[in-house]
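Student: The structure under discussion is supplied below as structure tokens; questions concerning it will follow.
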Amino acid sequence: MSSLPSNLMAAMLLLPLIGAGIIAAAPRLLAKHIAVGSSLAVFAISIMLAWQFPEWTSGRFWPNNSASELALGVSFTLGIDSVSLLLILLTTFLTPLALLGSYTSVAHREREFYAWFLVLLSAMLLAFMARDVIAFYVGYEFTIVPMLFLIAIFGGDNRRYAAIKFFVFTFVASVITLSGLIYVAAARAQTGLPWSFGLAELQSFAQSNDFSDTQRYWVFVAMMIGFCVKVPFFPVHSWLPLAHDQAPTGGSVILAGTLLKLGTYGIYRVALPMAPGAAVEIAPLLITFCIIAIVAISLVCFAQKDVKRLVAYSSVSHMGVAMLGMLALNPVGVSGSVLYMINHGLSTGALFLCIGMMYERYHTKDMDKLGGLAKKMPIWAFFMVFFTMTSVGLPGLNGFVSEVMCLLGAFSARPSTALEWPGLIGPRWMLIAGVGSVIFGALYMLYMVGRVVWGPLKEPGHGHGHGHESSHGHAHAGGHDNHGLPPDLSAREVVTLAPIAALCLFLGVQPWYVLDAIGPSATTTIAAYPEAVKNYLRTQQEAEAAKGSLAGETTPEITVSPDATSATGGRISSLSDGSATSHLPISSATATP
């Protein structure tokens, strides 16, 4: 049985590369069809893998067999748990849709575009499947190469600068992460154990007495530098809005939909389980950056006049919410964070598709030049408004549940050793983050929709096209006949957007299927954190007591036990000891590590 999942995963990695090789030798006009066919085949295999997967609610990896060593402890070991499989499904679901949405927007060097896209798909899947840190790093890092070429060749007028900035930020930071992982492997080998880069082996050693607290601290810092840039995390986020703005539509869809999730996945899968004590020590600084990102970047969105750049900046704020949920270090927050990754990929990826479809017809993304497009493009307007509602977290759509869980996790993460799942955030900081994400987020997104979709019809003048299509000499008629496109969405474009809309609606109404799968994995990932947080709080209390003693003062015992209040319609209830337990249908909500 173990050979079946290994064969399916190997096929998913190889098929895109085979497709890219066929594209290189095929006629130019067949390139896009080969790419879509290859990506659909990979999606079909991922569905087969999900159907065979037996560990949806156990939190275990499958298959759990070891691979033969290649050299110096490096092995090519593939394995998935429920979270990695969900992200694989997200990747294989969005890729053919992004390719289908690029049929008319890419009219030059098509073989290169579609071949690089398939290589990018294979690299992302390897990162999600790898159980060896070197294999993970190869997939994680190699995603930079195809995305670099997609931006540099097919991007806008400022594409080269955007590509270089993207490369420098992500590559340099990733090398620092690799150095931290190699350091752990080397330290393990120095104790007499054989060289190994297995993720489980390195995490086990990093938590042992053979690895000091100082070593754990700096290794965690090294890992977070690379992962935070990929998220992207404030204040190392400045490469993302420019990359989105200059990238072709398909590149933006995958960049927002799955490529950014490699950063949050790296934190979830590699960094958090490796050094719980160090993570708790650094968590207050990271939480501060999350809240700044949520609030400050939301304010930056109000100043944007370019629709695509506004949505790009909103991604920074949204990923701040996802990271805040993860840093709550409790099952509700972490489960909400993983669900937020999926929902953000769907909603924001779909918004970039809608913006790209509008851009193909008007050759501008400037809100000062566009308005009232619902009069000319009612079908497009429906999808644009729908996906905006998913992005702002309208109840009944996918964004609502994950955003509420992230904020609820932050609310429950109070600094009290009496709690089963203590944390370092609490209601006050959750309120500030909630204002930035819920209120500000709704305001700037609805303001954008109000200007572009509603109101008097406003269209740019003839012959004033600009952007990545104009830089390659595409026809700019100023009307609606560019690339043979109809005034409103074509059947191909509706087929591209409709599956995402259906999935957003399903996850908004029935998120429990996904949450039941996420919960056990989340519990396993943060199993060591209740004790780590309690030790940190005790250390802080002792330091305060010692400080008071030196000052000749009598310092009362520090206890933090604010009343836990009911939230979300009774789904979170208060316990008599001041802790909070969740009645969400995920086993992790009440599990004791």
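Lettering and numbering for the structure tokens are positional, with chains as A, B, ... in the shown order, residues counted from 1 in each chain, and ligands counted from 1 in the shown order.
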Neighbours of A:Asp306 within 12 Å (only C-alpha atoms; same-chain residues fewer than 5 positions away dropped), as JSON, numbers by chain?

Tutor: {"A": [241, 242, 244, 245, 246, 301, 311, 312, 313, 355, 359, 364, 365, 366, 367, 368, 369, 370, 448, 451, 452, 467]}

Student: Give me the stretch 266-318 of chain A side of the contact with stretch 183-207 of chain A, cut-off 8 Å, one line per residue showing its nearest atom pair and distance in Å at one decimal, counting only C-alpha atoms, sorted by chain and residue number, as a tab-separated table.

Tutor:
residue	atom	partner	partner_atom	distance
A:Val270	CA	A:Leu199	CA	7.4
A:Pro273	CA	A:Gln203	CA	6.5
A:Met274	CA	A:Gln203	CA	4.5
A:Ala275	CA	A:Gln207	CA	6.5

Student: Could you give me, as an NGL selection string, the residues within 7 Å of A:Gly59, counting only C-alpha atoms and dropping anything in the same chain fewer than 6 positions from it?

Tutor: :A and (81-82 or 520-521 or 524)

Student: Would you mind listing what lies within 8 Å of A:Ile379 as a compact mmCIF listing (two decimals) with N, CA and C atoms, in the first residue's frame, with only C-alpha atoms counted and same-chain residues fewer than 5 positions away left out?

Tutor:
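Produced file result37.txt, reproduced below:
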# COMPACT_ATOMS: atom_id res chain seq x y z
N ALA A 374 -20.19 47.72 -14.55
CA ALA A 374 -21.32 46.79 -14.51
C ALA A 374 -22.28 47.03 -15.66
N ASP A 488 -18.26 41.47 -22.65
CA ASP A 488 -18.32 40.86 -21.32
C ASP A 488 -17.51 39.56 -21.34
N LEU A 489 -17.56 38.81 -20.25
CA LEU A 489 -16.74 37.60 -20.15
C LEU A 489 -17.14 36.57 -21.19

Student: Can you work out which one of A:Ala303, A:Ile425, A:Ala442, A:Ala546 has the shortest atom-to-atom distance to A:Val280, counting only C-alpha atoms?

Tutor: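 Closest residue, counting only C-alpha atoms: A:Ile425.
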
Student: What's around A:Leu49 at 9 Å? Count only C-alpha atoms, leave out sequence neighbours fewer than 2 positions away in its own chain, and write the answer as a PyMOL selection string.

Tutor: chain A and resi 4-5+8-9+44-47+51-53+85
